[in-house]
Amino acid sequence: MAVVVSAPGKVLMTGGYLILERPNPGLVLSTSARFYAIVKPLLEEIKPDSCFWAWTDVKVTSPQLNRESMYKLSLKNLTLQSVSRESGNPFVEQAVQYSVAAAYAIADKDRKEVLQKLLLQGLDITILGSNDFYSYRNQIEALGLPLLPESLAALPPFASITFNSEESSGENSKPEVAKTGLGSSAAMTSSVVAALLHYLGAVDLAHVKCSSDLDEVHIIAQTAHCIAQGKVGSGFDVSSAVYGSHRYVRFSPEVISSAQVAIKGAPLTEVVLEILKGKWDHERTKLSLPPLLNLLLGEPGTGGSSTPSMVGAVKKWQKSDPEKSQDTWTKLSEANFALETQLNALCKLAEEHWDEYKELINSCSSLKPEKWMEQATKQSQEVIAKALLGARDAMLGIRYHMRLMGEAAGIPIEPRSQTQLLDSTMNMEGVLFAGVPGAGGFDAVFAVTLGDSSNHVIKSWSLQNVLAMLVREDPRGVSLEAADPRTIDIASSISSVHI
């Protein structure tokens, strides 16, 4: 029977750059954009001579890329060997190797026998990503459709992904896929790891009563992701893919050092056991947007930015001017903390004064921020209005110090075009704040709106050549799904657009 698991994409609302160094936190929201991994056996029955096999087959299919990769998995050392002509996906390959090794490493003798039979049937893995992870803006413009979410909604679910053809000259070149910056590799890796660990009986995602199963998914996904990308990043994208929206403080990079050594030849099961027993000192605290506040993402169509090169420039600036950079980081950290404090306060106020909270949010949703205090007719509403305005001020502070950092490091963290767009967005009715997520640059912009105010922001963005995406906050992390998402989504949406 097939196992289907999904994992969400992310938006890093605060903590860009700072999150790379402990103990600086980041506020990361998981989204409705999800990657799905479907795992089932390749063979219905094991052949009589299978007990003599040293290898089993693994098939990885990505229908959106029209790609199928075949591998042999060594049953002795649990490593993959590609038998396909085209290059595979390193994130999927590492996810498979580390998940199978983890399942073996923690299995008792009886479980190992069951595991052996499962692997002898082969692994058939299908990967699907929500359209939101990829940019279809060029196709929408080419079809003469308006830059509105309705145009995106008209696309078939899990639409074919087009390559940037101008990049793909030469036989061995890898064409680049236009993405929207939601952390597709982290969501994909996490979904494959979670699906395999559940399928192989190492975790039970159907009854996650304690967090130990999710912790195991998180550790294996972080390790596979770091090995695949060739460096140990902050890990917030994998963490949110597994746990959902939360406040995150990164793990100490040394915890993955045994996995990096493993590349030189240590047995994978031993390496995985050491990693699972390691001191994972990351911190996560539950956090999501307060009630009646909505996340909105916009694609400006100015092309993406290279996060690694921008991080490199900031690190270079820190070394060249330690005093000034430390001062900027301290002020940015204070502004991040102020926003977190106000969001937590709003969550608490919503819980304690729901009727007054709901009334104020709804009335402020059609007004500009300077009119919000006037709507507070009760004492509790004054406190709520002050928290809303405090959150706005905190985001203005964050944006100011991010711009300063970008100017000092010589990189466009909040480019001028984004500044104009964000300023105009923050001046609209019902907009709490707006910013550039994560490391900034030209990827996307986000806004947090009150109540039903998103519609006029979407229309205004369209006039400014910004395509509002269909993505919303969804605080769930990895989830065991009931069925193949294609059978559900395709039945409920009729496509009128063909790319």
# chains A, B, ... in the order shown; residues from 1 in each chain; ligands from 1
call {"tool": "residues_around", "arguments": {"residues": "range 327-333 of chain A", "least_positions_apart": "3", "cutoff": "8 Å", "atoms": "only C-alpha atoms", "output": "list of chain:residue names"}}
result
A:Gly15, A:Leu18, A:Asn24, A:Glu323, A:Lys324, A:Asn336, A:Phe337, A:Gly397, A:Ile398, A:His401, A:Met402, A:Leu404, A:Met405
call {"tool": "closest_atom_pairs", "arguments": {"of": "range 407-495 of chain A", "to": "range 127-150 of chain A", "cutoff": "10 Å", "atoms": "only C-alpha atoms", "output": "JSON lines"}}
result
{"residue": "A:Ile458", "atom": "CA", "partner": "A:Leu148", "partner_atom": "CA", "distance": 7.1}
{"residue": "A:Lys459", "atom": "CA", "partner": "A:Leu148", "partner_atom": "CA", "distance": 7.4}
{"residue": "A:Trp461", "atom": "CA", "partner": "A:Leu147", "partner_atom": "CA", "distance": 8.6}
{"residue": "A:Ser462", "atom": "CA", "partner": "A:Leu147", "partner_atom": "CA", "distance": 5.4}
{"residue": "A:Leu463", "atom": "CA", "partner": "A:Leu147", "partner_atom": "CA", "distance": 8.4}
{"residue": "A:Gln464", "atom": "CA", "partner": "A:Leu147", "partner_atom": "CA", "distance": 9.7}
{"residue": "A:Asn465", "atom": "CA", "partner": "A:Leu147", "partner_atom": "CA", "distance": 7.1}
{"residue": "A:Val466", "atom": "CA", "partner": "A:Leu147", "partner_atom": "CA", "distance": 7.0}
{"residue": "A:Leu467", "atom": "CA", "partner": "A:Leu147", "partner_atom": "CA", "distance": 5.0}
{"residue": "A:Ala468", "atom": "CA", "partner": "A:Pro149", "partner_atom": "CA", "distance": 5.8}
{"residue": "A:Met469", "atom": "CA", "partner": "A:Pro149", "partner_atom": "CA", "distance": 5.7}
{"residue": "A:Leu470", "atom": "CA", "partner": "A:Pro149", "partner_atom": "CA", "distance": 5.8}
{"residue": "A:Val471", "atom": "CA", "partner": "A:Asp132", "partner_atom": "CA", "distance": 6.6}
{"residue": "A:Asp484", "atom": "CA", "partner": "A:Leu128", "partner_atom": "CA", "distance": 9.8}
{"residue": "A:Pro485", "atom": "CA", "partner": "A:Leu128", "partner_atom": "CA", "distance": 8.7}
{"residue": "A:Arg486", "atom": "CA", "partner": "A:Leu128", "partner_atom": "CA", "distance": 9.0}
call {"tool": "residues_around", "arguments": {"residues": "Ile361 in chain A", "least_positions_apart": "2", "cutoff": "8 Å", "atoms": "only C-alpha atoms", "output": "JSON, numbers by chain"}}
result
{"A": [292, 357, 358, 359, 363, 364, 365, 450, 451]}
call {"tool": "write_last_selection", "arguments": {"atoms": "C-alpha atoms", "output": "short mmCIF file (atom, residue, chain, number, x, y, z; two decimals), in the first residue's frame"}}
result
data_model
loop_
_atom_site.label_atom_id
_atom_site.label_comp_id
_atom_site.auth_asym_id
_atom_site.auth_seq_id
_atom_site.Cartn_x
_atom_site.Cartn_y
_atom_site.Cartn_z
CA LEU A 292 -7.66 37.10 11.66
CA TYR A 357 -10.39 41.73 19.27
CA LYS A 358 -12.55 40.52 16.37
CA GLU A 359 -14.52 43.78 16.27
CA SER A 363 -13.08 47.69 11.62
CA CYS A 364 -9.34 48.39 11.11
CA SER A 365 -9.24 46.14 8.01
CA LEU A 450 -6.06 42.36 8.77
CA GLY A 451 -9.37 40.56 8.23
#
call {"tool": "atom_distance", "arguments": {"atom1": "CA of Tyr400 in chain A", "atom2": "CA of Ser239 in chain A"}}
result
27.7 Å
call {"tool": "atom_distance", "arguments": {"atom1": "CA of Ser309 in chain A", "atom2": "CA of Phe442 in chain A"}}
result
13.4 Å
call {"tool": "residues_around", "arguments": {"residues": "Glu283 in chain A", "least_positions_apart": "6", "cutoff": "12 Å", "atoms": "only C-alpha atoms", "output": "MDAnalysis selection string"}}
result
chainID A and resid 19 22:27 215 234:236 239:240 243 246:252
call {"tool": "closest_residue", "arguments": {"among": "A:Gln121, A:Ser366, A:Asn77, A:Thr189", "to": "Leu43 in chain A", "atoms": "only C-alpha atoms"}}
result
A:Gln121
call {"tool": "closest_residue", "arguments": {"among": "A:Ala408, A:Ala105, A:Val4, A:Leu480", "to": "Val272 in chain A", "atoms": "only C-alpha atoms"}}
result
A:Ala105
call {"tool": "atom_distance", "arguments": {"atom1": "CA of Arg34 in chain A", "atom2": "CA of Ala7 in chain A"}}
result
5.3 Å
call {"tool": "residues_around", "arguments": {"residues": "Pro437 in chain A", "least_positions_apart": "4", "cutoff": "10 Å", "atoms": "only C-alpha atoms", "output": "VMD selection string"}}
result
chain A and resid 10 to 16 28 181 to 182 297 413 to 414 441 443 to 447
call {"tool": "closest_residue", "arguments": {"among": "A:Leu205, A:Ala266, A:Val436, A:Ile46", "to": "Val3 in chain A", "atoms": "only C-alpha atoms"}}
result
A:Leu205
call {"tool": "select_by_dssp", "arguments": {"residues": "range 204-292 of chain A", "states": "helix (DSSP H, G or I)", "output": "PyMOL selection string"}}
result
chain A and resi 205-207+212-229+236-243+253-262+268-277
call {"tool": "residues_around", "arguments": {"residues": "range 371-377 of chain A", "least_positions_apart": "5", "cutoff": "9 Å", "atoms": "only C-alpha atoms", "output": "count of residues only"}}
result
11
call {"tool": "select_by_dssp", "arguments": {"residues": "range 172-378 of chain A", "states": "strand (DSSP E or B)", "output": "number ranges by chain"}}
result
A: 177, 179, 246-249, 283-286, 293-299
call {"tool": "residues_around", "arguments": {"residues": "Val92 in chain A", "least_positions_apart": "5", "cutoff": "9 Å", "atoms": "only C-alpha atoms", "output": "PyMOL selection string"}}
result
chain A and resi 60+97+185+188-189+192-193+224-225+228
call {"tool": "closest_residue", "arguments": {"among": "A:Pro475, A:Thr269, A:Val232, A:Thr61", "to": "Leu287 in chain A", "atoms": "only C-alpha atoms"}}
result
A:Pro475
call {"tool": "closest_residue", "arguments": {"among": "A:Leu296, A:Ile256, A:Val39, A:Leu119", "to": "Lys76 in chain A", "atoms": "only C-alpha atoms"}}
result
A:Leu119
